Amino acid sequence: MASLQPVRGMHDLLPLEFQKHSLIIEAARQLAATYGFAEMATPLMEFKEVFKRTLGDVSDIVSKEMYEIADRGGEDIVLRPEGTAGVARAIISEGLTQSMPLKFFYAGPMFRYERPQKGRLRQLHQIGVELFGVVDPLGDVEVISLAFDTLKALGLTHRVTLEINTLGDDESRKQYRNQLVTYLKDHHHKLSSDSQARLDRNPLRILDTKDEGDKKILEGAPLLSESLNPASQEVFAKIQEGLTLLNIPFKVNPHLVRGLDYYCHIAFEVTTTDLGSQGTVLAGGRYDGLMATMGGPSIPGVGWAGGIDRLAMMLHEDQLPAPKSPLAIIPMEERFDFQGLELAQRLREQGFVVEMTYGGGLGKRLKKANKMKARYALILGEEEVASHKVTCKDLESGDQIQLAVDQLGAFLRDKKPEGGE
RNA sequence: GCGGGUGUAGCUCAGGUGGUUAGAGCGCCAGUUUGUGGCACUGGAGGCCGCGGGUUCAAGUCCCGUCACUCGCCCCA
């Protein structure tokens, strides 16, 4: 049955997994709303150009990780590998640039042709927020605070670390990049081959290396914080003050970077050690140059994306809402089937969760009722139908009582004050 | 994209150095109980041993390839 496998790196979301996804999305959605972020969705497919422009030709995502579709019309179409570019595109193409700020929340699947691993899927799911049109660092604080609240709602804050860093403004960053490249070129021959390759593509990324030899070389490298101009320093300070004020714990990691040119000022990452090497669970930053790079007006932006699949792996089953236990309808003989059907419908209209039992005699159906974790079995047999009653059996205590059909709802509600749960 | 590990029933896993009909626990189905479930007991179904090729008288077991998962790197959420 090899051909009946799912496509590599793409997983079914069976009910248990799906519930975890829902829980995460729902938590983020509700919290985003309390911050004034409105939910939106963009298409799963975009023109390749959208990502080429925003992520840049040099990024791995664009150069080798996109699913490209041979469109019948000959258009260059890709499955979206991330969410921000699509939102930015929508802002331009829908003409939303007139009134700022814009605050969006989204959730959905992304696609990257990577080598799968635990926590690294080819169809991955993300939640994300974007705040456009605000330069004030207060915006950055709120965006991070929303991320933190979401993690808090999921009960994960004690298992993750928030790291932040600043890339400074254009001036600071460019100056620093030059210094860093000059320094690293002197040590070029000692760098790992990975880092050598990054030297001209994406030098800031070298700060992030895992290679021990590289790390040693970096100890003598100039620090980005020393290149920050006063304005950039001020921005970073205000963000830290804000986070502290809101009791959001963070660590400044001077080696945390973003490679692409339109990133500036804040960069942040939420990581965990619980998930192995795919430990980044949420990450974001400020991208004031993004809209202009796309060919739109120059509108500042800040946001983040969180990995639903990775967050879901950190969730415990007992964090999920308890499943509602159903009422099980048991017609004793085929001729009472329709009475059962009607009864089920009546109770559902009153808000109860009702399941039909199919096939077998009373014993077998009680067994089935038990298996579906029903709290009550509602039995309809000759006696009951003749007297317009129903036998209501409590499957925990074994007690049973005959009740008129129209008293049933009141009785069950009374027994279960939570109202049918 | 690079390097390593794994792949036996629905699930978790046993199956030294190749050797008859491939096992266990859990789960599933049935019976003990045809108007009374859970528990217990008894029985049963369910395996192209991931897939393809090779070596051999003989392959779940050895070799090669392939697919999937997985660990690390790369990259990222």
# chains A, B, ... in the order shown; residues from 1 in each chain; ligands from 1
>>> interface_residues(of="chain A", to="chain B", cutoff="8 Å", atoms="only C-alpha atoms (C1' of nucleotides)", output="count of residues only")
29
>>> residues_around(residues="region 377-391 of chain A", least_positions_apart="5", cutoff="6 Å", atoms="only C-alpha atoms (C1' of nucleotides)", output="ChimeraX atom specification")
/A:327-332,401-405
>>> select_by_dssp(residues="region 69-140 of chain A", states="helix (DSSP H, G or I)", output="PDB file with N, CA, C and O atoms, in the first residue's frame")
ATOM      1  N   THR A  84       3.537  36.405   5.725  1.00  0.00           N
ATOM      2  CA  THR A  84       3.651  37.858   5.701  1.00  0.00           C
ATOM      3  C   THR A  84       3.556  38.455   4.297  1.00  0.00           C
ATOM      4  O   THR A  84       2.865  39.453   4.086  1.00  0.00           O
ATOM      5  N   ALA A  85       4.248  37.818   3.362  1.00  0.00           N
ATOM      6  CA  ALA A  85       4.276  38.379   2.012  1.00  0.00           C
ATOM      7  C   ALA A  85       2.878  38.460   1.417  1.00  0.00           C
ATOM      8  O   ALA A  85       2.534  39.445   0.740  1.00  0.00           O
ATOM      9  N   GLY A  86       2.067  37.445   1.666  1.00  0.00           N
ATOM     10  CA  GLY A  86       0.717  37.444   1.130  1.00  0.00           C
ATOM     11  C   GLY A  86      -0.125  38.572   1.712  1.00  0.00           C
ATOM     12  O   GLY A  86      -0.893  39.231   1.002  1.00  0.00           O
ATOM     13  N   VAL A  87       0.024  38.795   3.003  1.00  0.00           N
ATOM     14  CA  VAL A  87      -0.720  39.871   3.652  1.00  0.00           C
ATOM     15  C   VAL A  87      -0.276  41.226   3.084  1.00  0.00           C
ATOM     16  O   VAL A  87      -1.111  42.086   2.772  1.00  0.00           O
ATOM     17  N   ALA A  88       1.030  41.374   2.922  1.00  0.00           N
ATOM     18  CA  ALA A  88       1.546  42.631   2.378  1.00  0.00           C
ATOM     19  C   ALA A  88       1.026  42.843   0.960  1.00  0.00           C
ATOM     20  O   ALA A  88       0.594  43.942   0.591  1.00  0.00           O
ATOM     21  N   ARG A  89       1.023  41.778   0.191  1.00  0.00           N
ATOM     22  CA  ARG A  89       0.496  41.857  -1.165  1.00  0.00           C
ATOM     23  C   ARG A  89      -0.968  42.256  -1.160  1.00  0.00           C
ATOM     24  O   ARG A  89      -1.424  43.089  -1.953  1.00  0.00           O
ATOM     25  N   ALA A  90      -1.725  41.665  -0.233  1.00  0.00           N
ATOM     26  CA  ALA A  90      -3.152  41.967  -0.157  1.00  0.00           C
ATOM     27  C   ALA A  90      -3.382  43.436   0.189  1.00  0.00           C
ATOM     28  O   ALA A  90      -4.298  44.074  -0.338  1.00  0.00           O
ATOM     29  N   ILE A  91      -2.543  43.970   1.059  1.00  0.00           N
ATOM     30  CA  ILE A  91      -2.697  45.371   1.462  1.00  0.00           C
ATOM     31  C   ILE A  91      -2.539  46.275   0.246  1.00  0.00           C
ATOM     32  O   ILE A  91      -3.295  47.223   0.062  1.00  0.00           O
ATOM     33  N   ILE A  92      -1.587  45.912  -0.595  1.00  0.00           N
ATOM     34  CA  ILE A  92      -1.379  46.717  -1.801  1.00  0.00           C
ATOM     35  C   ILE A  92      -2.495  46.476  -2.810  1.00  0.00           C
ATOM     36  O   ILE A  92      -3.133  47.411  -3.285  1.00  0.00           O
ATOM     37  N   SER A  93      -2.780  45.211  -3.101  1.00  0.00           N
ATOM     38  CA  SER A  93      -3.729  44.966  -4.179  1.00  0.00           C
ATOM     39  C   SER A  93      -5.166  45.273  -3.792  1.00  0.00           C
ATOM     40  O   SER A  93      -6.000  45.527  -4.657  1.00  0.00           O
ATOM     41  N   PRO A 137       7.826  52.114  18.931  1.00  0.00           N
ATOM     42  CA  PRO A 137       8.225  50.837  19.536  1.00  0.00           C
ATOM     43  C   PRO A 137       7.158  50.248  20.446  1.00  0.00           C
ATOM     44  O   PRO A 137       7.194  49.067  20.759  1.00  0.00           O
ATOM     45  N   LEU A 138       6.205  51.072  20.847  1.00  0.00           N
ATOM     46  CA  LEU A 138       5.085  50.563  21.613  1.00  0.00           C
ATOM     47  C   LEU A 138       4.359  49.481  20.817  1.00  0.00           C
ATOM     48  O   LEU A 138       3.827  48.522  21.384  1.00  0.00           O
ATOM     49  N   GLY A 139       4.318  49.675  19.509  1.00  0.00           N
ATOM     50  CA  GLY A 139       3.705  48.674  18.645  1.00  0.00           C
ATOM     51  C   GLY A 139       4.440  47.350  18.741  1.00  0.00           C
ATOM     52  O   GLY A 139       3.831  46.285  18.831  1.00  0.00           O
ATOM     53  N   ASP A 140       5.773  47.419  18.746  1.00  0.00           N
ATOM     54  CA  ASP A 140       6.574  46.201  18.872  1.00  0.00           C
ATOM     55  C   ASP A 140       6.266  45.494  20.185  1.00  0.00           C
ATOM     56  O   ASP A 140       6.133  44.276  20.240  1.00  0.00           O
TER      57      ASP A 140
END
>>> closest_residue(among="A:Thr161, A:Gly303, A:Leu16, A:Leu275", to="Leu131 (chain A)", atoms="only C-alpha atoms")
A:Gly303
>>> closest_residue(among="A:Arg205, A:His125, A:Lys393, A:His187", to="Phe18 (chain A)", atoms="only C-alpha atoms")
A:His125
>>> atom_distance(atom1="CA of Val160 (chain A)", atom2="CA of Leu124 (chain A)")
20.2 Å
>>> residues_around(residues="Phe148 (chain A)", least_positions_apart="4", cutoff="8 Å", atoms="only C-alpha atoms (C1' of nucleotides)", output="ChimeraX atom specification")
/A:144,152,157,248
>>> residues_around(residues="region 14-26 of chain B", least_positions_apart="4", cutoff="10 Å", atoms="only C-alpha atoms (C1' of nucleotides)", output="PDB file with all heavy atoms, in the first residue's frame")
ATOM      1  P     U B   8       7.417  -1.854  11.788  1.00  0.00           P
ATOM      2  OP1   U B   8       6.296  -1.054  11.260  1.00  0.00           O
ATOM      3  OP2   U B   8       7.987  -1.576  13.086  1.00  0.00           O
ATOM      4  O5'   U B   8       6.988  -3.386  11.690  1.00  0.00           O
ATOM      5  C5'   U B   8       6.991  -4.034  10.416  1.00  0.00           C
ATOM      6  C4'   U B   8       6.645  -5.479  10.625  1.00  0.00           C
ATOM      7  O4'   U B   8       7.791  -6.163  11.209  1.00  0.00           O
ATOM      8  C3'   U B   8       5.528  -5.737  11.614  1.00  0.00           C
ATOM      9  O3'   U B   8       4.255  -5.589  11.009  1.00  0.00           O
ATOM     10  C2'   U B   8       5.818  -7.166  12.048  1.00  0.00           C
ATOM     11  O2'   U B   8       5.444  -8.068  11.035  1.00  0.00           O
ATOM     12  C1'   U B   8       7.345  -7.124  12.149  1.00  0.00           C
ATOM     13  N1    U B   8       7.822  -6.713  13.486  1.00  0.00           N
ATOM     14  C2    U B   8       7.766  -7.662  14.508  1.00  0.00           C
ATOM     15  O2    U B   8       7.336  -8.787  14.338  1.00  0.00           O
ATOM     16  N3    U B   8       8.226  -7.226  15.714  1.00  0.00           N
ATOM     17  C4    U B   8       8.720  -5.984  16.018  1.00  0.00           C
ATOM     18  O4    U B   8       9.096  -5.748  17.159  1.00  0.00           O
ATOM     19  C5    U B   8       8.739  -5.061  14.925  1.00  0.00           C
ATOM     20  C6    U B   8       8.300  -5.455  13.727  1.00  0.00           C
ATOM     21  P     G B  47      -4.604  -9.826   7.420  1.00  0.00           P
ATOM     22  OP1   G B  47      -5.091  -9.433   6.109  1.00  0.00           O
ATOM     23  OP2   G B  47      -4.441 -11.274   7.765  1.00  0.00           O
ATOM     24  O5'   G B  47      -3.246  -9.045   7.635  1.00  0.00           O
ATOM     25  C5'   G B  47      -2.514  -9.193   8.818  1.00  0.00           C
ATOM     26  C4'   G B  47      -1.131  -8.674   8.609  1.00  0.00           C
ATOM     27  O4'   G B  47      -0.314  -9.183   9.675  1.00  0.00           O
ATOM     28  C3'   G B  47      -0.501  -9.126   7.293  1.00  0.00           C
ATOM     29  O3'   G B  47       0.095  -8.024   6.640  1.00  0.00           O
ATOM     30  C2'   G B  47       0.490 -10.226   7.693  1.00  0.00           C
ATOM     31  O2'   G B  47       1.721 -10.094   7.018  1.00  0.00           O
ATOM     32  C1'   G B  47       0.729  -9.987   9.175  1.00  0.00           C
ATOM     33  N9    G B  47       0.822 -11.185  10.001  1.00  0.00           N
ATOM     34  C8    G B  47       0.411 -12.464   9.776  1.00  0.00           C
ATOM     35  N7    G B  47       0.692 -13.289  10.755  1.00  0.00           N
ATOM     36  C5    G B  47       1.329 -12.468  11.691  1.00  0.00           C
ATOM     37  C6    G B  47       1.864 -12.779  12.959  1.00  0.00           C
ATOM     38  O6    G B  47       1.889 -13.861  13.549  1.00  0.00           O
ATOM     39  N1    G B  47       2.406 -11.657  13.571  1.00  0.00           N
ATOM     40  C2    G B  47       2.434 -10.402  13.021  1.00  0.00           C
ATOM     41  N2    G B  47       3.000  -9.439  13.739  1.00  0.00           N
ATOM     42  N3    G B  47       1.940 -10.101  11.835  1.00  0.00           N
ATOM     43  C4    G B  47       1.409 -11.178  11.237  1.00  0.00           C
ATOM     44  P     C B  49       5.271  -9.803   4.287  1.00  0.00           P
ATOM     45  OP1   C B  49       6.191  -9.676   3.185  1.00  0.00           O
ATOM     46  OP2   C B  49       4.668 -11.094   4.600  1.00  0.00           O
ATOM     47  O5'   C B  49       5.929  -9.229   5.626  1.00  0.00           O
ATOM     48  C5'   C B  49       5.609  -7.873   6.065  1.00  0.00           C
ATOM     49  C4'   C B  49       6.615  -7.468   7.098  1.00  0.00           C
ATOM     50  O4'   C B  49       6.562  -8.459   8.153  1.00  0.00           O
ATOM     51  C3'   C B  49       8.026  -7.450   6.530  1.00  0.00           C
ATOM     52  O3'   C B  49       8.611  -6.179   6.363  1.00  0.00           O
ATOM     53  C2'   C B  49       8.823  -8.533   7.317  1.00  0.00           C
ATOM     54  O2'   C B  49      10.048  -8.094   7.788  1.00  0.00           O
ATOM     55  C1'   C B  49       7.863  -8.919   8.445  1.00  0.00           C
ATOM     56  N1    C B  49       7.830 -10.341   8.652  1.00  0.00           N
ATOM     57  C2    C B  49       8.350 -10.851   9.870  1.00  0.00           C
ATOM     58  O2    C B  49       8.806 -10.049  10.683  1.00  0.00           O
ATOM     59  N3    C B  49       8.335 -12.161  10.092  1.00  0.00           N
ATOM     60  C4    C B  49       7.818 -12.989   9.166  1.00  0.00           C
ATOM     61  N4    C B  49       7.813 -14.296   9.427  1.00  0.00           N
ATOM     62  C5    C B  49       7.284 -12.511   7.936  1.00  0.00           C
ATOM     63  C6    C B  49       7.311 -11.190   7.729  1.00  0.00           C
ATOM     64  P     U B  56      23.953 -17.877  -5.206  1.00  0.00           P
ATOM     65  OP1   U B  56      25.172 -18.578  -5.676  1.00  0.00           O
ATOM     66  OP2   U B  56      22.827 -17.611  -6.145  1.00  0.00           O
ATOM     67  O5'   U B  56      23.373 -18.673  -3.963  1.00  0.00           O
ATOM     68  C5'   U B  56      24.204 -18.967  -2.846  1.00  0.00           C
ATOM     69  C4'   U B  56      23.365 -19.500  -1.710  1.00  0.00           C
ATOM     70  O4'   U B  56      22.505 -18.448  -1.198  1.00  0.00           O
ATOM     71  C3'   U B  56      22.390 -20.613  -2.102  1.00  0.00           C
ATOM     72  O3'   U B  56      23.026 -21.872  -2.183  1.00  0.00           O
ATOM     73  C2'   U B  56      21.380 -20.537  -0.954  1.00  0.00           C
ATOM     74  O2'   U B  56      21.868 -21.157   0.209  1.00  0.00           O
ATOM     75  C1'   U B  56      21.303 -19.018  -0.718  1.00  0.00           C
ATOM     76  N1    U B  56      20.165 -18.396  -1.435  1.00  0.00           N
ATOM     77  C2    U B  56      18.975 -18.268  -0.733  1.00  0.00           C
ATOM     78  O2    U B  56      18.841 -18.630   0.419  1.00  0.00           O
ATOM     79  N3    U B  56      17.939 -17.704  -1.448  1.00  0.00           N
ATOM     80  C4    U B  56      17.973 -17.263  -2.742  1.00  0.00           C
ATOM     81  O4    U B  56      16.967 -16.778  -3.239  1.00  0.00           O
ATOM     82  C5    U B  56      19.237 -17.426  -3.400  1.00  0.00           C
ATOM     83  C6    U B  56      20.269 -17.979  -2.742  1.00  0.00           C
ATOM     84  P     A B  58      17.267 -21.367  -2.723  1.00  0.00           P
ATOM     85  OP1   A B  58      16.210 -20.853  -3.616  1.00  0.00           O
ATOM     86  OP2   A B  58      18.611 -20.786  -2.779  1.00  0.00           O
ATOM     87  O5'   A B  58      16.735 -21.301  -1.215  1.00  0.00           O
ATOM     88  C5'   A B  58      15.415 -21.751  -0.918  1.00  0.00           C
ATOM     89  C4'   A B  58      15.164 -21.689   0.563  1.00  0.00           C
ATOM     90  O4'   A B  58      16.109 -22.545   1.247  1.00  0.00           O
ATOM     91  C3'   A B  58      15.372 -20.330   1.206  1.00  0.00           C
ATOM     92  O3'   A B  58      14.228 -19.511   1.055  1.00  0.00           O
ATOM     93  C2'   A B  58      15.638 -20.696   2.667  1.00  0.00           C
ATOM     94  O2'   A B  58      14.433 -20.955   3.351  1.00  0.00           O
ATOM     95  C1'   A B  58      16.424 -21.998   2.513  1.00  0.00           C
ATOM     96  N9    A B  58      17.879 -21.795   2.603  1.00  0.00           N
ATOM     97  C8    A B  58      18.785 -21.763   1.576  1.00  0.00           C
ATOM     98  N7    A B  58      20.027 -21.580   1.963  1.00  0.00           N
ATOM     99  C5    A B  58      19.925 -21.488   3.343  1.00  0.00           C
ATOM    100  C6    A B  58      20.893 -21.290   4.351  1.00  0.00           C
ATOM    101  N6    A B  58      22.190 -21.152   4.118  1.00  0.00           N
ATOM    102  N1    A B  58      20.456 -21.242   5.629  1.00  0.00           N
ATOM    103  C2    A B  58      19.144 -21.378   5.871  1.00  0.00           C
ATOM    104  N3    A B  58      18.143 -21.580   5.012  1.00  0.00           N
ATOM    105  C4    A B  58      18.604 -21.616   3.751  1.00  0.00           C
ATOM    106  P     A B  59      14.385 -17.934   0.912  1.00  0.00           P
ATOM    107  OP1   A B  59      13.034 -17.359   0.643  1.00  0.00           O
ATOM    108  OP2   A B  59      15.484 -17.697  -0.025  1.00  0.00           O
ATOM    109  O5'   A B  59      14.881 -17.480   2.372  1.00  0.00           O
ATOM    110  C5'   A B  59      14.056 -17.650   3.525  1.00  0.00           C
ATOM    111  C4'   A B  59      14.077 -16.378   4.349  1.00  0.00           C
ATOM    112  O4'   A B  59      15.467 -16.023   4.585  1.00  0.00           O
ATOM    113  C3'   A B  59      13.445 -15.177   3.645  1.00  0.00           C
ATOM    114  O3'   A B  59      12.842 -14.333   4.607  1.00  0.00           O
ATOM    115  C2'   A B  59      14.623 -14.479   2.999  1.00  0.00           C
ATOM    116  O2'   A B  59      14.415 -13.113   2.859  1.00  0.00           O
ATOM    117  C1'   A B  59      15.727 -14.742   4.034  1.00  0.00           C
ATOM    118  N9    A B  59      17.093 -14.743   3.488  1.00  0.00           N
ATOM    119  C8    A B  59      17.499 -14.790   2.185  1.00  0.00           C
ATOM    120  N7    A B  59      18.797 -14.760   2.019  1.00  0.00           N
ATOM    121  C5    A B  59      19.284 -14.672   3.312  1.00  0.00           C
ATOM    122  C6    A B  59      20.588 -14.606   3.841  1.00  0.00           C
ATOM    123  N6    A B  59      21.685 -14.613   3.075  1.00  0.00           N
ATOM    124  N1    A B  59      20.730 -14.530   5.171  1.00  0.00           N
ATOM    125  C2    A B  59      19.623 -14.531   5.928  1.00  0.00           C
ATOM    126  N3    A B  59      18.329 -14.593   5.556  1.00  0.00           N
ATOM    127  C4    A B  59      18.240 -14.664   4.234  1.00  0.00           C
ATOM    128  P     G B  60      11.326 -14.528   5.038  1.00  0.00           P
ATOM    129  OP1   G B  60      11.191 -15.818   5.754  1.00  0.00           O
ATOM    130  OP2   G B  60      10.481 -14.284   3.850  1.00  0.00           O
ATOM    131  O5'   G B  60      11.091 -13.351   6.072  1.00  0.00           O
ATOM    132  C5'   G B  60      10.968 -11.994   5.611  1.00  0.00           C
ATOM    133  C4'   G B  60      11.378 -11.038   6.691  1.00  0.00           C
ATOM    134  O4'   G B  60      10.738 -11.453   7.920  1.00  0.00           O
ATOM    135  C3'   G B  60      12.865 -11.025   7.009  1.00  0.00           C
ATOM    136  O3'   G B  60      13.546 -10.109   6.189  1.00  0.00           O
ATOM    137  C2'   G B  60      12.887 -10.590   8.467  1.00  0.00           C
ATOM    138  O2'   G B  60      12.760  -9.182   8.574  1.00  0.00           O
ATOM    139  C1'   G B  60      11.606 -11.232   9.013  1.00  0.00           C
ATOM    140  N9    G B  60      11.860 -12.536   9.661  1.00  0.00           N
ATOM    141  C8    G B  60      11.465 -13.769   9.232  1.00  0.00           C
ATOM    142  N7    G B  60      11.831 -14.739  10.026  1.00  0.00           N
ATOM    143  C5    G B  60      12.511 -14.091  11.053  1.00  0.00           C
ATOM    144  C6    G B  60      13.142 -14.614  12.203  1.00  0.00           C
ATOM    145  O6    G B  60      13.230 -15.787  12.570  1.00  0.00           O
ATOM    146  N1    G B  60      13.716 -13.611  12.974  1.00  0.00           N
ATOM    147  C2    G B  60      13.684 -12.264  12.670  1.00  0.00           C
ATOM    148  N2    G B  60      14.300 -11.454  13.518  1.00  0.00           N
ATOM    149  N3    G B  60      13.095 -11.756  11.589  1.00  0.00           N
ATOM    150  C4    G B  60      12.535 -12.728  10.841  1.00  0.00           C
ATOM    151  P     U B  61      14.967 -10.433   5.639  1.00  0.00           P
ATOM    152  OP1   U B  61      15.433  -9.210   4.972  1.00  0.00           O
ATOM    153  OP2   U B  61      14.901 -11.726   4.904  1.00  0.00           O
ATOM    154  O5'   U B  61      15.855 -10.684   6.950  1.00  0.00           O
ATOM    155  C5'   U B  61      16.145  -9.609   7.849  1.00  0.00           C
ATOM    156  C4'   U B  61      16.901 -10.160   9.029  1.00  0.00           C
ATOM    157  O4'   U B  61      16.144 -11.269   9.568  1.00  0.00           O
ATOM    158  C3'   U B  61      18.292 -10.682   8.679  1.00  0.00           C
ATOM    159  O3'   U B  61      19.245 -10.209   9.617  1.00  0.00           O
ATOM    160  C2'   U B  61      18.144 -12.195   8.732  1.00  0.00           C
ATOM    161  O2'   U B  61      19.303 -12.838   9.229  1.00  0.00           O
ATOM    162  C1'   U B  61      16.983 -12.389   9.712  1.00  0.00           C
ATOM    163  N1    U B  61      16.190 -13.598   9.422  1.00  0.00           N
ATOM    164  C2    U B  61      16.195 -14.606  10.372  1.00  0.00           C
ATOM    165  O2    U B  61      16.821 -14.534  11.408  1.00  0.00           O
ATOM    166  N3    U B  61      15.454 -15.708  10.042  1.00  0.00           N
ATOM    167  C4    U B  61      14.717 -15.893   8.898  1.00  0.00           C
ATOM    168  O4    U B  61      14.087 -16.945   8.743  1.00  0.00           O
ATOM    169  C5    U B  61      14.762 -14.814   7.964  1.00  0.00           C
ATOM    170  C6    U B  61      15.479 -13.720   8.252  1.00  0.00           C
ATOM    171  P     C B  62      20.059  -8.913   9.247  1.00  0.00           P
ATOM    172  OP1   C B  62      20.885  -8.565  10.429  1.00  0.00           O
ATOM    173  OP2   C B  62      19.156  -7.911   8.648  1.00  0.00           O
ATOM    174  O5'   C B  62      21.017  -9.449   8.087  1.00  0.00           O
ATOM    175  C5'   C B  62      22.282 -10.029   8.388  1.00  0.00           C
ATOM    176  C4'   C B  62      23.049 -10.279   7.113  1.00  0.00           C
ATOM    177  O4'   C B  62      22.476 -11.424   6.413  1.00  0.00           O
ATOM    178  C3'   C B  62      22.988  -9.159   6.077  1.00  0.00           C
ATOM    179  O3'   C B  62      23.940  -8.143   6.347  1.00  0.00           O
ATOM    180  C2'   C B  62      23.301  -9.896   4.789  1.00  0.00           C
ATOM    181  O2'   C B  62      24.681 -10.143   4.650  1.00  0.00           O
ATOM    182  C1'   C B  62      22.573 -11.217   5.012  1.00  0.00           C
ATOM    183  N1    C B  62      21.206 -11.241   4.439  1.00  0.00           N
ATOM    184  C2    C B  62      21.069 -11.260   3.043  1.00  0.00           C
ATOM    185  O2    C B  62      22.083 -11.237   2.332  1.00  0.00           O
ATOM    186  N3    C B  62      19.826 -11.287   2.500  1.00  0.00           N
ATOM    187  C4    C B  62      18.756 -11.302   3.299  1.00  0.00           C
ATOM    188  N4    C B  62      17.549 -11.339   2.724  1.00  0.00           N
ATOM    189  C5    C B  62      18.877 -11.286   4.717  1.00  0.00           C
ATOM    190  C6    C B  62      20.108 -11.252   5.240  1.00  0.00           C
TER     191        C B  62
END
>>> select_by_dssp(residues="region 117-352 of chain A", states="strand (DSSP E or B)", output="NGL selection string")
:A and (117 or 120 or 123-132 or 161-166 or 251-252 or 264-271 or 280-286 or 301-307 or 327-331)
>>> residues_around(residues="A45 (chain B)", least_positions_apart="3", cutoff="12 Å", atoms="only C-alpha atoms (C1' of nucleotides)", output="list in words")
A9, C28, C29 and A30 of chain B
>>> residues_around(residues="region 96-111 of chain A", least_positions_apart="3", cutoff="7 Å", atoms="only C-alpha atoms (C1' of nucleotides)", output="PDB file with C-alpha atoms, in the first residue's frame")
ATOM      1  CA  ILE A  25      -5.774  28.842  16.799  1.00  0.00           C
ATOM      2  CA  ALA A  32      -5.627  38.874  18.841  1.00  0.00           C
ATOM      3  CA  GLY A  36      -7.747  44.833  17.915  1.00  0.00           C
ATOM      4  CA  PHE A  37      -6.257  42.512  15.325  1.00  0.00           C
ATOM      5  CA  ALA A  38      -8.784  41.409  12.721  1.00  0.00           C
ATOM      6  CA  GLU A  39      -8.626  37.960  11.207  1.00  0.00           C
ATOM      7  CA  MET A  40      -8.053  37.625   7.505  1.00  0.00           C
ATOM      8  CA  ALA A  41      -6.900  35.008   5.045  1.00  0.00           C
ATOM      9  CA  TYR A  67       6.364  24.272  -4.424  1.00  0.00           C
ATOM     10  CA  LEU A  79       2.241  27.448  -2.775  1.00  0.00           C
ATOM     11  CA  ARG A  80       2.877  30.061  -0.124  1.00  0.00           C
ATOM     12  CA  PRO A  81       5.864  29.260   2.101  1.00  0.00           C
ATOM     13  CA  GLU A  82       4.977  31.876   4.726  1.00  0.00           C
ATOM     14  CA  ILE A  91      -2.697  45.371   1.462  1.00  0.00           C
ATOM     15  CA  ILE A  92      -1.379  46.717  -1.801  1.00  0.00           C
ATOM     16  CA  ARG A 122       6.341  20.230   4.188  1.00  0.00           C
ATOM     17  CA  GLN A 123       2.837  21.338   4.965  1.00  0.00           C
ATOM     18  CA  LEU A 124       3.172  23.328   8.135  1.00  0.00           C
ATOM     19  CA  HIS A 125       0.586  25.413   9.919  1.00  0.00           C
ATOM     20  CA  GLN A 126       1.095  28.859  11.264  1.00  0.00           C
ATOM     21  CA  ILE A 127      -0.689  31.511  13.210  1.00  0.00           C
ATOM     22  CA  GLY A 128       0.588  35.011  12.732  1.00  0.00           C
ATOM     23  CA  VAL A 129      -0.051  38.695  13.249  1.00  0.00           C
ATOM     24  CA  GLU A 130       1.047  41.733  11.301  1.00  0.00           C
ATOM     25  CA  LEU A 131       0.924  45.328  12.439  1.00  0.00           C
ATOM     26  CA  PHE A 132       1.415  47.824   9.635  1.00  0.00           C
ATOM     27  CA  GLY A 133       1.770  51.567   9.800  1.00  0.00           C
ATOM     28  CA  VAL A 134       3.219  51.994  13.280  1.00  0.00           C
TER      29      VAL A 134
END
